[in-house]
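This report concerns only the one structure given below.
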2 protein chains.
Amino acid sequence: MHAWAGATGMAVSIKDIARAAGVSHSTVSRALSGSSLVREETKERIQLLAKEMGYSPDAQARSLVMGRTQTIGVVVTTITDPFIAEIVESIENTAQRRGYSVILASSQSEPEREIAAVEILHSKRVDGVIVASSRVGAYYQAHLERLRVPVVLVNSRSEQRGPYTFSVSVDNHHGGYLATRHLVDAGHRRIAYVSGAPDHSDDLARMEGYRQALREAGIDADPALLVPGTGRIGGGERALPALLALSDRPTAVFCYNDMTAIGLLQAARKKGVSIPSDLAVVGFDDIPLASFVVPSLSTVVQPKRRLGQRATEMVLDLLLGSRQAKGTLSNVTMQGKLTIRESSGGSRAQ
Amino acid sequence: MHAWAGATGMAVSIKDIARAAGVSHSTVSRALSGSSLVREETKERIQLLAKEMGYSPDAQARSLVMGRTQTIGVVVTTITDPFIAEIVESIENTAQRRGYSVILASSQSEPEREIAAVEILHSKRVDGVIVASSRVGAYYQAHLERLRVPVVLVNSRSEQRGPYTFSVSVDNHHGGYLATRHLVDAGHRRIAYVSGAPDHSDDLARMEGYRQALREAGIDADPALLVPGTGRIGGGERALPALLALSDRPTAVFCYNDMTAIGLLQAARKKGVSIPSDLAVVGFDDIPLASFVVPSLSTVVQPKRRLGQRATEMVLDLLLGSRQAKGTLSNVTMQGKLTIRESSGGSRAQ
DNA sequence: TTGTAGGCGTTATCAC
DNA sequence: GTGATAACGCCTACAA
C-alpha cells in the first residue's frame with residue numbers, strides 16, 4: 001500500500017519554507033512572486049530553498065483569494081470526432097500558451113450530461129467555457145448563461161443567443177458556394193445536394209451557398225436534386241440510390257459533410273458507379289479520412305485550428321475585458337477554402 | 001462591456017444562504033451535505049433556499065480543506081491521434097461517472113511541454129494522473145513520481161519503472177501472434193514484418209509474437225523479411241519497394257501498426273500490386289481509418305475503451321487505497337483481438 | 001440540534 | 001524590508 005501525499009495533503013507550503021528560512025510566510029509569498037519589496041539577498045535565498053524543498057504553489061488556494069482559476073472548461077459531444085478533436089487540441093494549445101488549463105467534459109449529446117457538465121464547471125469555477133456541440137438547446141443555453149462567465153460556441157448553433165454567449169464558426173454559406181462553384185466551373189449543370197441533419201442552420205446556410213452558385217451560373221435549382229441525408233455515413237449511403245433513381249441524373253453532388261460524401265463513395269463503389277467520371281463528389285469539413293479514402297475526397301476545408309484558437313482568444317479577451325471583445329464581435333465567422341482531390345478531379349468541359 | 005461574475009467572484013456562498021435563512025453557516029454546510037445533525041425541517045428549508053439562490057459549492061474551497069480535488073490529470077502527446085482520442089474519451093467517461101473531472105494537457109511530445117504539464121497538474125493538485133504517450137523518458141518519469149499521486153501509463157513504455165508508476169497496456173506479444181497466426185492459417189509461408197519506431201518495446205513484443213507464430217508453424221524466420229518502418233505512414237510507403245526487391249518475395253506482411261499498413265497499401269495501389277492476392281496485409285490498432293481504406297485493413301483491435309476505463313479505475317482505486325491496487329497489479333495487460341477484413345481476405349490454401 | 005472557532009494555502013493590507 | 005493579520009469559501013471539531 002502506498003502512502004500518497006494526497007492532492008493537497010502533505011505538500012510543502014509557503015509556511016514550511018518560511019519556517020526553514022526563518023522569515024514570515026508573507027515574505028516568502030513576496031519573494032516567490034518576485035516582488036521588489038524584498039531584499040534581493042533574502043529573495044534569492046528563499047527561491048533557492050523553495051526549489052530545494054520541491055515547493056509547488058497550490059493553485060486552489062491562490063484561486064480562492066485571486067478570484068480566478070486560470071482554467072477554462074471545454075464541453076464537447078465527443079472527443080472521438082476527429083473534427084472536434086482538432087479543435088480541442090487547438091484550444092488546449094492556445095490556452096496553455098496563455099497560462100490557462102483546460103477541463104474537458106464530454107456530453108455524448110445527452111441532455112442530462114450536458115447540464116451536469118455545466119454544473120461541474122461551475123463548481124470548479126472555470127473562468128470561461130467553450131462549447132463544441134452541434135446544437136445547443138435553450139435549456140442547455142440557459143444553464144450556460146447562469147455561469148456568468150464568458151461562453152463561446154464553436155461551430156455550434158444556439159437556438160437562442162443570449163447576452164453572455166458568443167460564437168465563432170465557419171462561413172457555411174461561403175463554403176457551400178465554393179464547393180458548388182467548383183462543380184459548375186468543371187462543366188456540371190445537374191448538381192445535387194445531399195443535406196445533413198434536418199433543420200440544422202449550418203445545413204441551410206451551406207445549401208443557400210449552393211443555390212447562389214447555381215443562380216450565378218444561370219442554372220435553375222431543381223428541387224428533385226435536393227436529397228435528405230443525416231450528416232452521418234448512412235445518410236450518404238442511402239442518398240446514392242436516390243440520386244440514381246432520378247430520371248434526369250445529376251453528374252455531380254455536393255454533400256453536407258465529408259461523412260455523408262464518404263458514405264456516398266462507398267455505396268458508389270458497391271454499385272459500380274465510377275467517381276468522378278459518372279458522378280463528381282464534393283464534401284465539407286476535410287476530416288483526416290477525406291484524403292485517405294479512394295478516390296480521395298474534394299472538400300471544403302474548415303480552418304479547425306484557427307477556429308479553436310480564435311474561440312480561446314475570444315474567451316480570454318472577454319475575461320480580461322479587452323475592448324475588442326465588446327458587443328459587435330459577438331459572432332465571428334471564418335472562411336473555409338476548397339481542396340480539390342480525386343472525387344471531383346478532371347474537367348467536364350473538355 | 002460585460003460584468004463577468006468572475007470565477008470565484010460574486011457567487012453566492014454558504015454564508016449568504018446562512019444570512020438569508022437566519023442560521024449559521026455551519027448549519028448550512030451540514031444541511032447541504034445531508035448531515036443528519038440538522039433538523040429535517042430546517043434542512044429542507046435551507047436546501048430549497050440554496051436552489052433558489054442558485055448556489056453552487058466552490059470546489060476550490062472544498063478541495064482546500066478536504067485535501068482532494070476530485071480531479072485527475074491526463075497528459076497526451078496529441079488528442080488528434082484517433083487512438084488516443086478514444087482512450088481519453090473513455091477516461092473522461094469513467095472519471096465523470098465516478099465524480100471526477102479531467103484536466104487535459106497535450107505535450108506534442110516536446111519534453112519541455114511534458115514537464116510543464118506535470119508542473120501545472122501538480123499546482124492544480126490533481127488526485128492522480130494518466131499518461132498516454134508512446135514513450136516516457138526517465139526525466140519525465142522522475143517528474144511524474146515527484147507528484148506523489150498515483151500515475152498510470154496507458155500503452156506507454158516507461159524507461160524506468162518506479163514505485164509510484166503503474167500501467168495498463170495491450171498484450172503486444174499476443175497481438176503479434178494473432179496476426180501472424182492468421183496469415184499462417186491462410187496458407188502463407190513467406191511472411192514479412194514491417195517494424196515501427198526502432199528500439200520501441202511494443203515493437204519488439206509484437207515481433208516476438210510474430211516469431212512465435214512462425215516457430216509454431218515450423219517456418220524459419222528469415223531475417224531478410226524484417227524490414228524497418230517508422231510507425232507512421234511514410235514508413236509503410238517505403239517498406240513496399242523493400243519487400244518487392246527481395247529475391248524470394250513474401251506473400252504476406254504483418255505491420256507494426258495500421259498507419260504503417262495503410263502507407264503500404266497506398267504504395268501498393270500506385271505500383272499496381274494487388275492486395276490481398278499479391279500480398280496480404282495485417283495491421284495493428286484498428287484505427288477508424290482501417291475500415292474505410294480500400295481494401296479495408298485486417299488488424300489487431302486494441303481494446304481502447306477498456307484500456308481507458310481500466311486506467312481510470314486503477315488511478316481511483318489506488319487513490320482510495322483499495323486492496324486490489326496493491327503491489328502485484330502494477331502492470332495490467334489486456335488482450336486484443338483480430339479483425340479480418342479485405343486486406344488479408346481469402347485463403348491461400350484452396 | 002445549532003453556533004463558535006479554527007484552519008486549509010494563498011494574497012493583500014496594514015503597521016512597524 | 002518585513003511581519004502580523006485578515007480575508008477567500010468551505011468543513012469540522014468542540015461547545016452550548
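As shown in the C-alpha cells, the chain order sets the letters A, B, ...; within each chain, residues go from 1, and ligands are also counted from 1 in the order they appear.
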Residues of stretch 237-310 of chain B in strand (DSSP E), written as an MDAnalysis selection string = chainID B and resid 252:255 280:285 298:301
Contacts of stretch 8-11 of chain C at 8 Å (only C-alpha atoms (C1' of nucleotides); same-chain gap of 4+ positions) as number ranges by chain | A: 13-14, 29, 58, 61-62, 64-66; B: 64-66
Selection export as a PDB file, in the first residue's frame, atoms kept: C-alpha atoms:
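Saved the output as out18.pdb:
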```
ATOM      1  CA  SER A  13       3.644  25.093   1.759  1.00  0.00           C
ATOM      2  CA  ILE A  14       4.724  28.631   1.933  1.00  0.00           C
ATOM      3  CA  SER A  29       4.982  34.823  -0.716  1.00  0.00           C
ATOM      4  CA  ASP A  58      -1.311  25.478  -4.566  1.00  0.00           C
ATOM      5  CA  ALA A  61      -5.594  28.383  -2.550  1.00  0.00           C
ATOM      6  CA  ARG A  62      -4.415  31.009  -4.935  1.00  0.00           C
ATOM      7  CA  LEU A  64      -9.621  31.278  -3.770  1.00  0.00           C
ATOM      8  CA  VAL A  65      -8.128  34.619  -2.972  1.00  0.00           C
ATOM      9  CA  MET A  66      -7.487  35.796  -6.519  1.00  0.00           C
TER      10      MET A  66
ATOM     11  CA  LEU B  64      -8.520  23.074   0.149  1.00  0.00           C
ATOM     12  CA  VAL B  65      -9.945  21.670   3.318  1.00  0.00           C
ATOM     13  CA  MET B  66     -10.697  18.172   2.113  1.00  0.00           C
TER      14      MET B  66
END
```
B:Ala85 surroundings by only C-alpha atoms (C1' of nucleotides), 12 Å radius, close-in-sequence under 2 positions cut, as a PyMOL selection string = (chain A and resi 78-86+88-89+106) or (chain B and resi 74-83+87-92+104+106+132-133+287-288+304-305+308)
Return the neighbours of chain B among the residues of chain D, cut-off 12 Å, counting only C-alpha atoms (C1' of nucleotides), as a PyMOL selection string.
-> chain D and resi 8-13
For the selection you just gave me, I'd like the residues written to a file as a PDB file, in the first residue's frame, keeping C-alpha atoms (C1' of nucleotides).
```pdb
ATOM      1  C1'  DC D   8     -11.266  33.818   0.148  1.00  0.00           C
ATOM      2  C1'  DG D   9     -15.323  29.592   0.910  1.00  0.00           C
ATOM      3  C1'  DC D  10     -15.575  25.585   2.930  1.00  0.00           C
ATOM      4  C1'  DC D  11     -15.509  21.729   6.593  1.00  0.00           C
ATOM      5  C1'  DT D  12     -15.307  20.085  11.293  1.00  0.00           C
ATOM      6  C1'  DA D  13     -14.155  19.570  15.977  1.00  0.00           C
TER       7       DA D  13
END
```
From a DSSP pass on the backbone, collect the residues of stretch 5-162 of chain A flagged as alpha helix (DSSP H) and hand them back as a ChimeraX atom specification.
-> /A:14-21,25-32,40-52,59-66,82-97,111-123,138-146
Which one is closest to chain C: B:Leu32, B:Ala18, B:Ala197, B:Ala138? Count only C-alpha atoms (C1' of nucleotides).
-> B:Ala18
Could the residues of chain C within 12 Å of chain B, counting only C-alpha atoms (C1' of nucleotides), be given as a ChimeraX atom specification, please?
-> /C:1-10
Can I get the selected residues back with C-alpha atoms (C1' of nucleotides), as a PDB file, in the first residue's frame?
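Saved result, out05.pdb, follows:
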```
ATOM      1  C1'  DT C   1     -29.994  20.431  17.025  1.00  0.00           C
ATOM      2  C1'  DT C   2     -27.324  24.516  16.435  1.00  0.00           C
ATOM      3  C1'  DG C   3     -23.461  28.059  16.867  1.00  0.00           C
ATOM      4  C1'  DT C   4     -18.438  29.359  17.536  1.00  0.00           C
ATOM      5  C1'  DA C   5     -13.821  28.970  16.299  1.00  0.00           C
ATOM      6  C1'  DG C   6     -10.093  27.393  13.771  1.00  0.00           C
ATOM      7  C1'  DG C   7      -7.697  26.121   9.729  1.00  0.00           C
ATOM      8  C1'  DC C   8      -6.711  24.598   4.642  1.00  0.00           C
ATOM      9  C1'  DG C   9      -2.602  27.792   1.465  1.00  0.00           C
ATOM     10  C1'  DT C  10      -2.655  31.900  -0.696  1.00  0.00           C
TER      11       DT C  10
END
```
Residue among B:Arg238, B:Arg215, B:Arg341, B:His143 lying closest to chain A, counting only C-alpha atoms | B:His143
Long-range neighbours of A:Leu204 as a PyMOL selection string, 9 Å cut-off, only C-alpha atoms (C1' of nucleotides), 6 positions minimum in chain | chain A and resi 172-173+195+198
Excluding same-chain residues fewer than 5 positions from A:Asn331, what lies within 6 Å of it counting only C-alpha atoms (C1' of nucleotides), as a VMD selection string?
-> chain A and resid 166 to 168
